[in-house]
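Q: One file is attached below, model-v2.txt, containing compact mmCIF, C-alpha atoms.
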# COMPACT_ATOMS: atom_id res chain seq x y z
CA MET A 1057 -31.12 84.64 32.90
CA ASP A 1058 -34.68 83.28 33.18
CA LYS A 1059 -35.27 80.12 35.18
CA ASP A 1060 -36.93 77.24 33.33
CA TYR A 1061 -38.43 75.84 36.55
CA TYR A 1062 -40.84 77.16 39.19
CA ILE A 1063 -40.11 77.73 42.88
CA HIS A 1064 -42.82 79.20 45.09
CA SER A 1065 -41.72 82.33 46.95
CA SER A 1066 -42.29 80.68 50.36
CA SER A 1067 -39.71 77.96 49.64
CA PHE A 1068 -36.03 78.20 50.53
CA ILE A 1069 -33.31 76.92 48.20
CA ASP A 1070 -29.75 76.71 49.57
CA ASP A 1071 -26.64 77.45 47.50
CA ASN A 1072 -25.17 74.70 45.33
CA VAL A 1073 -28.51 73.14 44.34
CA SER A 1074 -29.37 71.91 40.85
CA VAL A 1075 -33.00 72.02 39.67
CA GLY A 1076 -33.97 70.58 36.28
CA SER A 1077 -36.17 72.24 33.68
CA ASN A 1078 -39.96 72.19 34.08
CA THR A 1079 -39.68 71.21 37.76
CA LYS A 1080 -42.18 72.77 40.16
CA ILE A 1081 -41.40 73.30 43.85
CA TRP A 1082 -44.46 74.42 45.80
CA HIS A 1083 -45.13 76.12 49.17
CA PHE A 1084 -42.85 75.92 52.22
CA CYS A 1085 -40.22 73.56 50.76
CA HIS A 1086 -36.53 73.50 51.71
CA ILE A 1087 -33.92 72.21 49.28
CA GLN A 1088 -30.54 71.85 50.99
CA SER A 1089 -27.03 72.30 49.64
CA GLY A 1090 -25.74 69.71 47.17
CA ALA A 1091 -29.20 68.41 46.24
CA ILE A 1092 -29.81 67.51 42.60
CA ILE A 1093 -33.40 67.50 41.35
CA GLY A 1094 -34.10 66.30 37.81
CA LYS A 1095 -36.39 67.59 35.07
CA ASN A 1096 -40.19 67.58 35.18
CA CYS A 1097 -40.44 66.91 38.93
CA ILE A 1098 -43.21 68.11 41.25
CA LEU A 1099 -42.53 68.75 44.93
CA GLY A 1100 -45.71 69.41 46.92
CA GLN A 1101 -46.13 71.59 49.99
CA ASN A 1102 -43.71 71.25 52.91
CA VAL A 1103 -41.16 68.96 51.25
CA ASN A 1104 -37.61 68.85 52.59
CA ILE A 1105 -34.78 67.60 50.38
CA SER A 1106 -31.65 67.13 52.49
CA ASN A 1107 -28.02 67.74 51.60
CA ASN A 1108 -26.59 65.80 48.65
CA VAL A 1109 -29.83 63.96 47.80
CA LYS A 1110 -30.16 62.93 44.16
CA ILE A 1111 -33.61 62.90 42.55
CA GLY A 1112 -34.16 61.70 38.98
CA ASN A 1113 -36.48 63.01 36.28
CA GLY A 1114 -40.28 62.95 36.44
CA VAL A 1115 -40.42 62.36 40.21
CA LYS A 1116 -43.57 63.37 42.11
CA ILE A 1117 -43.29 64.04 45.85
CA GLN A 1118 -46.53 64.75 47.68
CA ASN A 1119 -46.97 67.02 50.73
CA ASN A 1120 -45.04 66.64 54.00
CA VAL A 1121 -42.21 64.36 52.84
CA SER A 1122 -38.57 64.62 53.94
CA VAL A 1123 -36.01 62.93 51.71
CA TYR A 1124 -32.97 62.58 53.96
CA GLU A 1125 -29.31 62.38 53.02
CA GLY A 1126 -28.52 58.82 52.00
CA VAL A 1127 -31.75 58.41 50.02
CA GLU A 1128 -31.65 58.33 46.22
CA LEU A 1129 -34.71 58.47 43.94
CA GLU A 1130 -34.41 57.30 40.34
CA ASP A 1131 -36.71 58.49 37.51
CA TYR A 1132 -40.52 58.51 37.81
CA VAL A 1133 -40.67 57.69 41.52
CA PHE A 1134 -43.91 58.63 43.31
CA LEU A 1135 -43.85 59.46 47.04
CA GLY A 1136 -47.28 59.66 48.69
CA PRO A 1137 -48.21 62.24 51.34
CA SER A 1138 -46.26 62.04 54.60
CA CYS A 1139 -44.28 58.92 53.69
CA VAL A 1140 -41.14 58.57 55.80
CA PHE A 1141 -37.50 57.75 55.11
CA THR A 1142 -34.80 57.09 57.70
CA ASN A 1143 -31.02 57.16 57.29
CA ASP A 1144 -29.70 55.84 60.63
CA LEU A 1145 -30.66 52.45 62.09
CA THR A 1146 -29.63 53.32 65.66
CA PRO A 1147 -29.93 57.09 66.12
CA ARG A 1148 -28.96 58.85 69.33
CA ALA A 1149 -29.27 62.59 69.83
CA LYS A 1150 -26.29 62.55 72.22
CA TYR A 1151 -24.08 60.39 69.93
CA PRO A 1152 -24.51 61.55 66.34
CA LYS A 1153 -22.64 59.37 63.84
CA GLY A 1154 -22.33 61.86 61.00
CA THR A 1155 -23.19 61.52 57.34
CA VAL A 1156 -20.48 58.97 56.56
CA ASN A 1157 -22.45 56.44 58.62
CA TYR A 1158 -25.84 56.99 56.97
CA LYS A 1159 -27.29 53.91 55.30
CA HIS A 1160 -28.00 54.22 51.57
CA THR A 1161 -31.61 53.75 50.47
CA LEU A 1162 -32.34 53.43 46.75
CA VAL A 1163 -35.80 53.82 45.24
CA ARG A 1164 -35.58 52.45 41.71
CA THR A 1165 -37.28 53.72 38.55
CA GLY A 1166 -41.06 54.01 38.64
CA ALA A 1167 -41.55 52.77 42.21
CA SER A 1168 -44.48 54.21 44.19
CA ILE A 1169 -44.60 54.60 47.97
CA GLY A 1170 -48.04 55.13 49.52
CA ALA A 1171 -49.15 57.72 52.04
CA ASN A 1172 -47.67 57.35 55.53
CA ALA A 1173 -45.47 54.38 54.55
CA THR A 1174 -42.11 54.12 56.31
CA ILE A 1175 -38.96 52.99 54.50
CA VAL A 1176 -36.28 51.83 56.94
CA CYS A 1177 -32.84 52.83 55.66
CA GLY A 1178 -30.35 50.55 53.93
CA ASN A 1179 -32.90 48.95 51.61
CA THR A 1180 -33.63 49.05 47.90
CA ILE A 1181 -37.15 49.45 46.56
CA GLY A 1182 -37.23 47.68 43.18
CA LYS A 1183 -38.31 49.28 39.94
CA TRP A 1184 -42.07 49.74 39.47
CA ALA A 1185 -42.73 48.29 42.95
CA LEU A 1186 -45.82 49.52 44.81
CA ILE A 1187 -45.65 50.08 48.57
CA GLY A 1188 -49.12 50.33 50.14
CA ALA A 1189 -50.22 53.18 52.39
CA GLY A 1190 -48.98 52.82 55.97
CA ALA A 1191 -46.62 49.90 55.22
CA VAL A 1192 -43.33 49.64 57.13
CA VAL A 1193 -40.60 48.37 54.79
CA THR A 1194 -37.69 46.69 56.62
CA SER A 1195 -36.01 44.78 53.75
CA ASP A 1196 -35.30 44.99 50.03
CA VAL A 1197 -38.33 44.99 47.72
CA PRO A 1198 -38.26 43.08 44.39
CA ASP A 1199 -39.03 44.76 41.05
CA TYR A 1200 -42.83 45.06 40.43
CA ALA A 1201 -43.70 43.74 43.93
CA LEU A 1202 -46.86 44.78 45.76
CA ILE A 1203 -45.91 45.32 49.41
CA LEU A 1204 -48.45 45.78 52.23
CA GLY A 1205 -48.66 45.76 56.01
CA VAL A 1206 -46.66 46.19 59.20
CA PRO A 1207 -44.10 44.80 58.92
CA ALA A 1208 -44.44 44.93 55.13
CA LYS A 1209 -44.76 41.66 53.23
CA GLN A 1210 -45.19 40.91 49.55
CA SER A 1211 -48.86 40.55 48.65
CA GLY A 1212 -48.56 40.13 44.87
CA TRP A 1213 -47.21 41.75 41.74
CA VAL A 1214 -48.07 44.96 39.88
CA CYS A 1215 -47.69 46.05 36.28
CA GLU A 1216 -45.67 49.07 35.23
CA CYS A 1217 -49.04 50.81 34.72
CA GLY A 1218 -49.93 50.14 38.38
CA GLN A 1219 -52.57 47.43 37.98
CA VAL A 1220 -52.37 44.42 40.30
CA LEU A 1221 -51.48 41.35 38.20
CA GLU A 1222 -53.35 38.06 38.15
CA LYS A 1223 -51.51 34.75 38.57
CA ASN A 1224 -50.77 34.57 34.82
CA LEU A 1225 -48.72 37.81 35.22
CA LYS A 1226 -50.54 39.46 32.30
CA CYS A 1227 -52.05 42.93 32.51
CA SER A 1228 -55.10 44.34 30.74
CA CYS A 1229 -52.81 47.06 29.35
CA GLY A 1230 -51.07 44.39 27.22
CA ARG A 1231 -47.86 43.89 29.21
CA SER A 1232 -46.76 40.40 30.25
CA TYR A 1233 -44.18 39.38 32.84
CA ARG A 1234 -42.17 36.42 34.08
CA ILE A 1235 -40.30 35.79 37.32
CA GLY A 1236 -36.70 36.99 37.01
CA LYS A 1237 -33.58 37.43 39.11
CA ASN A 1238 -34.70 40.68 40.82
CA GLY A 1239 -38.47 40.16 40.80
CA LEU A 1240 -40.58 40.33 37.66
CA GLU A 1241 -39.21 41.00 34.20
CA GLU A 1242 -41.34 42.31 31.36
CA ILE A 1243 -41.64 39.95 28.39
CA LEU A 1244 -41.02 42.07 25.31
CA CYS A 1245 -42.67 41.10 22.06
CA SER A 1246 -40.28 40.38 19.18
CA SER A 1247 -40.99 43.76 17.53
CA GLU A 1248 -39.58 45.55 20.64
CA ILE A 1249 -36.33 43.56 20.92
Would you mind writing the file's structure down as structure tokens?

A:
Amino acid sequence: MDKDYYIHSSSFIDDNVSVGSNTKIWHFCHIQSGAIIGKNCILGQNVNISNNVKIGNGVKIQNNVSVYEGVELEDYVFLGPSCVFTNDLTPRAKYPKGTVNYKHTLVRTGASIGANATIVCGNTIGKWALIGAGAVVTSDVPDYALILGVPAKQSGWVCECGQVLEKNLKCSCGRSYRIGKNGLEEILCSSEI
């Protein structure tokens, strides 16, 4: 049976892995047992997807990223080159805790994480949030938040399209927002409700 996805010949795919249609896995990647990768994803060079990781549809992972067990990526997440995830707050080589003690990290729909950013485990990155390059995220991130610095702090808000929003929370693309329970909420016009 023909595959409806592409895996470069230099990559290694363990048994018990699910890869969605139209997904492309490029050079020197390793996809470990139990991983689920959605449709229309792109995994750049030297990407490692650990055991039992779940990746949604339309996710783009740039070169040199390891997505460790305990991390979950929803649809349309973007991971910049060499961004870092952790899964253990107090690791010791001599005293491994095992997978049952890994902290869960959730990256919600549409969030983008910049190059060389670090996401400390146990946190949720809100939907459509934008984490700047080199930021170190140590706490939950609200939906649509712009997060910069070390340690990372909120610097503003971004639209779903990625543009930084002005104080009126309106974007040149036509979307408008208001402050909500989990960050920003898009204001839908009456024809969309």

Q: Measuring between all atoms listed in the file, which one of A:His1160, A:Leu1202, A:Asn1224, A:Ser1077 shows the shortest distance to Leu1145 (chain A)?

A: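 Counting all atoms listed in the file, the residue closest to Leu1145 (chain A) is A:His1160.
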
Q: One decimal, Å: what's the distance from CA of Lys1150 (chain A) over to CA of Asn1107 (chain A), could you say?

A: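 The value is 21.3 Å.
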
Q: From the options A:Gly1136, A:Gly1212, A:Gly1218, A:Gly1239, which residue's atoms come nearest to Ala1189 (chain A), counting all atoms listed in the file?

A: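 Result for the nearest residue to Ala1189 (chain A): A:Gly1136.
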
Q: Neighbours of His1083 (chain A) within 8 Å (all atoms listed in the file; same-chain residues fewer than 4 positions away dropped), as a VMD selection string?

A: chain A and resid 1064 to 1067 1100 to 1102

Q: Using all atoms listed in the file, which of A:Ser1106, A:Lys1080, A:Leu1186, A:Val1156 sits nearest Gly1094 (chain A)?

A: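 Looking only at the distances to Gly1094 (chain A), the closest residue turns out to be A:Lys1080.
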
Q: Give me the residues within 9 Å of region 1207-1211 of chain A as a PyMOL selection string, counting all atoms listed in the file and dropping any in the same chain fewer than 5 places off.

A: chain A and resi 1187-1188+1191-1195+1197-1198+1201-1202

Q: Please work out which residues fall within 6 Å of (-34.4, 57.2, 38.3), coordinates as given in the file, with all atoms listed in the file counting, and return them as a list of chain:residue names.

A: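 Output of the proximity query reads A:Gly1112, A:Leu1129, A:Glu1130, A:Asp1131, A:Arg1164, A:Thr1165.
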
Q: Those same residues, written as a PDB file, keeping the file's coordinate frame with C-alpha atoms?

A:
ATOM      1  CA  GLY A1112     -34.160  61.700  38.980  1.00  0.00           C
ATOM      2  CA  LEU A1129     -34.710  58.470  43.940  1.00  0.00           C
ATOM      3  CA  GLU A1130     -34.410  57.300  40.340  1.00  0.00           C
ATOM      4  CA  ASP A1131     -36.710  58.490  37.510  1.00  0.00           C
ATOM      5  CA  ARG A1164     -35.580  52.450  41.710  1.00  0.00           C
ATOM      6  CA  THR A1165     -37.280  53.720  38.550  1.00  0.00           C
TER       7      THR A1165
END
